[in-house]
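Below: the structure, in structure tokens.
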Amino acid sequence: MNAEPTPPTTSPDERRRMLLGWFVNYMPTAWNRPWAGSTPTGWTDGEFYLDMARALERASIDLVMLEDSSVVPENFGSSMAAEFKATTKAPKHDPLPLAAAISQATERLGIVTTMSTSLYPPHRLAQLQATLDQLSDGRAGWNIVTSFENLAAQNVGLDTLWEHDERYARAEEYVSLVDEFWTGADGVAFDGDYYAAAAPSALPPVQRRPVLCQAGGSSAGMDFAARWADLIVSVPTGLPAMKAYRDGIRQRLERAGTDPDSCRVLYMVTPILGETVAEAEATEARMYSADGDNFLRRLVQLSNVSEIDFAQYDLDRPIPEDATTNGAQSILDAMKAATRGSSLRQAMAGKGESTSLRLVGTPQTVADQMEEAMEVVGGDGFLLFHGGGGLISRHYLDEVLDGLVPELQRRGLAQTGYGPGTFGERLAAR
């Protein structure tokens with residue numbers, strides 16, 4: 001864990017403030033919906049995302065996290081056709097140049113980029129992250145993923161990726177080597193089971209190292225996250241599961257002799273807002289209906305995450321208990337549990353996917369729910385994203401940043417400005 005620098009003393013009011021981040025893909029916006037402000041190809045120059053970053057900074061959001069993947073999936077229906085219709089992972093641009101552009105368009109916003117330990121050579125990743133940290137004056141973060149798509153492996157000259165737990169074993173060694181590249185003043189001499197290096201490092205970030213983020217949901221993933229992450233993104237569903245996850249991370253940190261408050265846990269949520277609760281619930285019903293384009297997109301997303309072709313299963317029956325995956329095992333297990341005694345269609349209809357809490361209502365009632373969740377769970381904050389099978393729009397940004405966030409700020413639950421120091425220093429002080 002990154003124990004540097006020593007966090008300054010904070011008041012009780014400061015300690016109760018939530019960390020808020022936004023998770024987004026560098027891909028088409030909601031070009032076929034009202035208020036999108038874009039044509040089908042208008043997203044490619046990055047201006048929408050630069051405007052978004054500026055808006056996040058005006059709202060004093062702590063960080064933006066840029067997702068990445070390197071494939072056009074064929075998981076649903078064994079074809080790319082559904083992917084291009086649904087637009088879950090393609091078409092997509094590389095987030096790293098966008099992150100560099102965001103670093104020049106903003107001054108205080110934390111900028112976290114997703115990079116895979118299975119697809120990047122360690123020195124290359126260390127160099128890219130150190131460069132982003134320099135360009136942003138100490139605001140870079142690395143979202144550590146191991147990847148699971150064999151198509152991604154084939155794009156970098158491999159036949160397949162390793163099984164789940166081996167990917168984490170390799171990632172453990174990989175991150176150790178990357179950390180050596182950042183901190184080894186006299187060069188690196190590294191000889192591991194999977195990686196070796198013997199070269200001058202000369203890759204100093206502004207921070208001791210960029211902020212490390214991870215999203216381990218399995219036991220192996222949680223072990224890895226507890227050893228390395230400054231910030232953990234999680235998707236347990238419901239308050240008891242959210243609390244159990246955070247408690248599990250903190251127990252791992254305590255067993256290792258690490259301050260459990262040195263690692264922050266964010267929960268992924270999609271707030272759905274309206275001027276009245278009824279209006280928000282009507283929006284939710286449209287977003288999570290059991291048919292139409294949004295439903296197809298959510299099914300394709302599920303196939304991509306789980307590496308299972310859900311086109312082969314009856315939507316009106318439970319997920320087979322013998323279904324397995326080399327992908328996100330924790331998400332597949334959660335979906336199996338959700339469909340027992342019902343069906344895949346019923347489990348997906350009327351509620352969000354990949355979210356920890358149902359947040360539907362006015363800015364005031366949603367703020368109530370978020371405040372209650374943090375009191376019960378003891379968590380650190382939320383990672384916001386536009387779910388429901390839809391693509392991001394300016395309208396949704398405005399609802400959250402001009403409606404919900406100011407309500408959280410009025411209650412003292414969200415920051416109204418940025419403290420001094422680098423991204424890591426501000427994170428440690430919260």
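Quick note on naming: the chains in the structure tokens go A, B, ... in the order shown, residues restart at 1 in each chain, and ligands are numbered from 1 in order of appearance.
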**OP:** Give me every helix (DSSP H, G or I) residue in region 11-251 of chain A, going by DSSP on the backbone, as a VMD selection string.
**Re:** chain A and resid 12 to 15 47 to 58 81 to 86 95 to 105 122 to 135 150 to 154 164 to 183 219 to 228 239 to 251
Export C-alpha atoms of the chosen residues as a JSON list (two decimals), in the first residue's frame?
[["chain", "number", "residue", "atom", "x", "y", "z"],
["A", 12, "PRO", "CA", -15.41, 14.86, 11.63],
["A", 13, "ASP", "CA", -17.23, 16.80, 8.89],
["A", 14, "GLU", "CA", -14.38, 16.19, 6.45],
["A", 15, "ARG", "CA", -14.28, 12.48, 7.28],
["A", 47, "GLU", "CA", -14.53, 17.22, -27.31],
["A", 48, "PHE", "CA", -17.57, 15.71, -25.58],
["A", 49, "TYR", "CA", -15.29, 14.03, -23.05],
["A", 50, "LEU", "CA", -13.18, 17.14, -22.51],
["A", 51, "ASP", "CA", -16.36, 19.11, -21.83],
["A", 52, "MET", "CA", -17.43, 16.32, -19.47],
["A", 53, "ALA", "CA", -14.12, 16.46, -17.59],
["A", 54, "ARG", "CA", -14.45, 20.23, -17.19],
["A", 55, "ALA", "CA", -17.99, 19.76, -15.86],
["A", 56, "LEU", "CA", -16.80, 17.11, -13.40],
["A", 57, "GLU", "CA", -14.14, 19.50, -12.15],
["A", 58, "ARG", "CA", -16.64, 22.37, -11.78],
["A", 81, "ALA", "CA", -23.22, -8.30, -35.11],
["A", 82, "ALA", "CA", -24.89, -7.93, -31.71],
["A", 83, "GLU", "CA", -21.94, -5.93, -30.39],
["A", 84, "PHE", "CA", -22.07, -3.37, -33.19],
["A", 85, "LYS", "CA", -25.83, -3.05, -32.72],
["A", 86, "ALA", "CA", -25.59, -2.79, -28.93],
["A", 95, "PRO", "CA", -8.26, 6.26, -23.40],
["A", 96, "LEU", "CA", -4.60, 7.13, -22.81],
["A", 97, "PRO", "CA", -4.38, 10.01, -25.35],
["A", 98, "LEU", "CA", -7.75, 11.20, -24.03],
["A", 99, "ALA", "CA", -6.35, 11.15, -20.50],
["A", 100, "ALA", "CA", -3.44, 13.30, -21.65],
["A", 101, "ALA", "CA", -5.88, 15.76, -23.24],
["A", 102, "ILE", "CA", -7.99, 15.83, -20.06],
["A", 103, "SER", "CA", -4.85, 16.60, -18.07],
["A", 104, "GLN", "CA", -4.43, 19.78, -20.11],
["A", 105, "ALA", "CA", -8.12, 20.73, -19.98],
["A", 122, "PRO", "CA", 5.51, -3.91, -17.68],
["A", 123, "HIS", "CA", 8.08, -1.27, -18.66],
["A", 124, "ARG", "CA", 5.75, 0.18, -21.27],
["A", 125, "LEU", "CA", 2.92, 0.53, -18.78],
["A", 126, "ALA", "CA", 5.20, 2.06, -16.15],
["A", 127, "GLN", "CA", 6.45, 4.60, -18.69],
["A", 128, "LEU", "CA", 2.97, 5.55, -19.88],
["A", 129, "GLN", "CA", 1.64, 6.01, -16.35],
["A", 130, "ALA", "CA", 4.67, 8.03, -15.26],
["A", 131, "THR", "CA", 4.25, 10.24, -18.32],
["A", 132, "LEU", "CA", 0.56, 10.82, -17.57],
["A", 133, "ASP", "CA", 1.45, 11.67, -13.98],
["A", 134, "GLN", "CA", 3.98, 14.23, -15.17],
["A", 135, "LEU", "CA", 1.60, 15.74, -17.74],
["A", 150, "ASN", "CA", -9.13, -14.61, -25.48],
["A", 151, "LEU", "CA", -9.75, -12.26, -28.42],
["A", 152, "ALA", "CA", -7.79, -9.62, -26.51],
["A", 153, "ALA", "CA", -4.95, -12.09, -26.09],
["A", 154, "GLN", "CA", -4.94, -12.81, -29.81],
["A", 164, "HIS", "CA", -8.57, -16.60, -13.37],
["A", 165, "ASP", "CA", -6.30, -17.24, -10.36],
["A", 166, "GLU", "CA", -3.15, -17.48, -12.47],
["A", 167, "ARG", "CA", -3.93, -14.08, -13.98],
["A", 168, "TYR", "CA", -3.91, -12.66, -10.46],
["A", 169, "ALA", "CA", -0.67, -14.49, -9.57],
["A", 170, "ARG", "CA", 0.96, -12.98, -12.64],
["A", 171, "ALA", "CA", -0.54, -9.57, -11.84],
["A", 172, "GLU", "CA", 0.98, -9.67, -8.35],
["A", 173, "GLU", "CA", 4.45, -10.03, -9.81],
["A", 174, "TYR", "CA", 3.70, -7.57, -12.62],
["A", 175, "VAL", "CA", 2.69, -4.76, -10.24],
["A", 176, "SER", "CA", 5.75, -5.42, -8.07],
["A", 177, "LEU", "CA", 7.95, -4.94, -11.13],
["A", 178, "VAL", "CA", 6.13, -1.81, -12.29],
["A", 179, "ASP", "CA", 6.50, -0.37, -8.79],
["A", 180, "GLU", "CA", 10.24, -1.05, -9.03],
["A", 181, "PHE", "CA", 10.38, 0.86, -12.31],
["A", 182, "TRP", "CA", 8.79, 3.86, -10.60],
["A", 183, "THR", "CA", 10.76, 3.80, -7.35],
["A", 219, "SER", "CA", -11.41, -13.98, -3.16],
["A", 220, "ALA", "CA", -8.22, -13.82, -5.24],
["A", 221, "GLY", "CA", -9.21, -10.39, -6.53],
["A", 222, "MET", "CA", -9.92, -9.07, -3.03],
["A", 223, "ASP", "CA", -6.58, -10.39, -1.78],
["A", 224, "PHE", "CA", -4.82, -8.62, -4.64],
["A", 225, "ALA", "CA", -6.76, -5.38, -4.15],
["A", 226, "ALA", "CA", -6.02, -5.32, -0.43],
["A", 227, "ARG", "CA", -2.28, -5.72, -1.08],
["A", 228, "TRP", "CA", -1.97, -3.01, -3.71],
["A", 239, "LEU", "CA", -26.36, -2.82, 1.96],
["A", 240, "PRO", "CA", -25.49, -6.13, 3.68],
["A", 241, "ALA", "CA", -23.32, -7.24, 0.75],
["A", 242, "MET", "CA", -21.70, -3.80, 0.51],
["A", 243, "LYS", "CA", -20.81, -3.88, 4.19],
["A", 244, "ALA", "CA", -19.54, -7.48, 3.99],
["A", 245, "TYR", "CA", -17.29, -6.57, 1.05],
["A", 246, "ARG", "CA", -15.77, -3.55, 2.76],
["A", 247, "ASP", "CA", -15.35, -5.47, 6.01],
["A", 248, "GLY", "CA", -13.58, -8.23, 4.05],
["A", 249, "ILE", "CA", -11.13, -5.75, 2.56],
["A", 250, "ARG", "CA", -10.46, -4.09, 5.90],
["A", 251, "GLN", "CA", -9.87, -7.46, 7.59]]
**OP:** Determine, counting only C-alpha atoms, which protein, DNA and RNA residues have an atom within 9 Å of an atom of Met65 (chain A); residues of the same chain fewer than 3 positions away are not included. Present the result as an MDAnalysis selection string.
**Re:** chainID A and resid 21:25 110:114 141:143 383
Original post:
Neighbours of Ile308 (chain A) within 9 Å (only C-alpha atoms; same-chain residues fewer than 6 positions away dropped), as a list in words?
Top reply: Asn75, Phe76, Leu302, Ala323, Thr324, Thr325 and Gly327 of chain A
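Coordinates place CA of Arg286 (chain A) at a distance of 26.1 Å from CA of Leu408 (chain A).
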Subject >> Residue nearest Val305 (chain A) among A:Thr88, A:Ser234, A:Thr416, A:Gln369 (counting only C-alpha atoms) >> reply: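 Among the listed residues, the smallest separation from Val305 (chain A) belongs to A:Thr88.
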**OP:** Skip Gly184 (chain A) itself and residues of its chain fewer than 6 positions away, then list as a list in words all residues within 10 Å of it, counting only C-alpha atoms.
**Re:**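 Here the answer would be Leu177, Val178, Pro200, Ser201, Ala202, Leu203 and Pro204 of chain A.
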**OP:** Could you check which of A:Leu332, A:Val269, A:Ala349, A:Leu299 is closest to Gln312 (chain A), using only C-alpha atoms?
**Re:** A:Leu299
Original post:
Which is closer to Ala282 (chain A) than all the others in A:Thr41, A:Gly361, A:Ala229, A:Met18, using only C-alpha atoms?
Top reply: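 For Ala282 (chain A), the nearest of the candidates is A:Gly361.
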Original post:
Would you give me, as a list in words, the residues in region 258-394 of chain A that DSSP reads as strand (DSSP E)?
Top reply: Arg264, Val265, Leu266, Tyr267, Met268, Val269, Ile272, Leu273, Val360, Gly361, Gly381, Phe382, Leu383 and Leu384 of chain A
Original post:
Which distance in Å separates CA of Pro363 (chain A) and CA of Cys263 (chain A), to one decimal?
Top reply: 28.4 Å
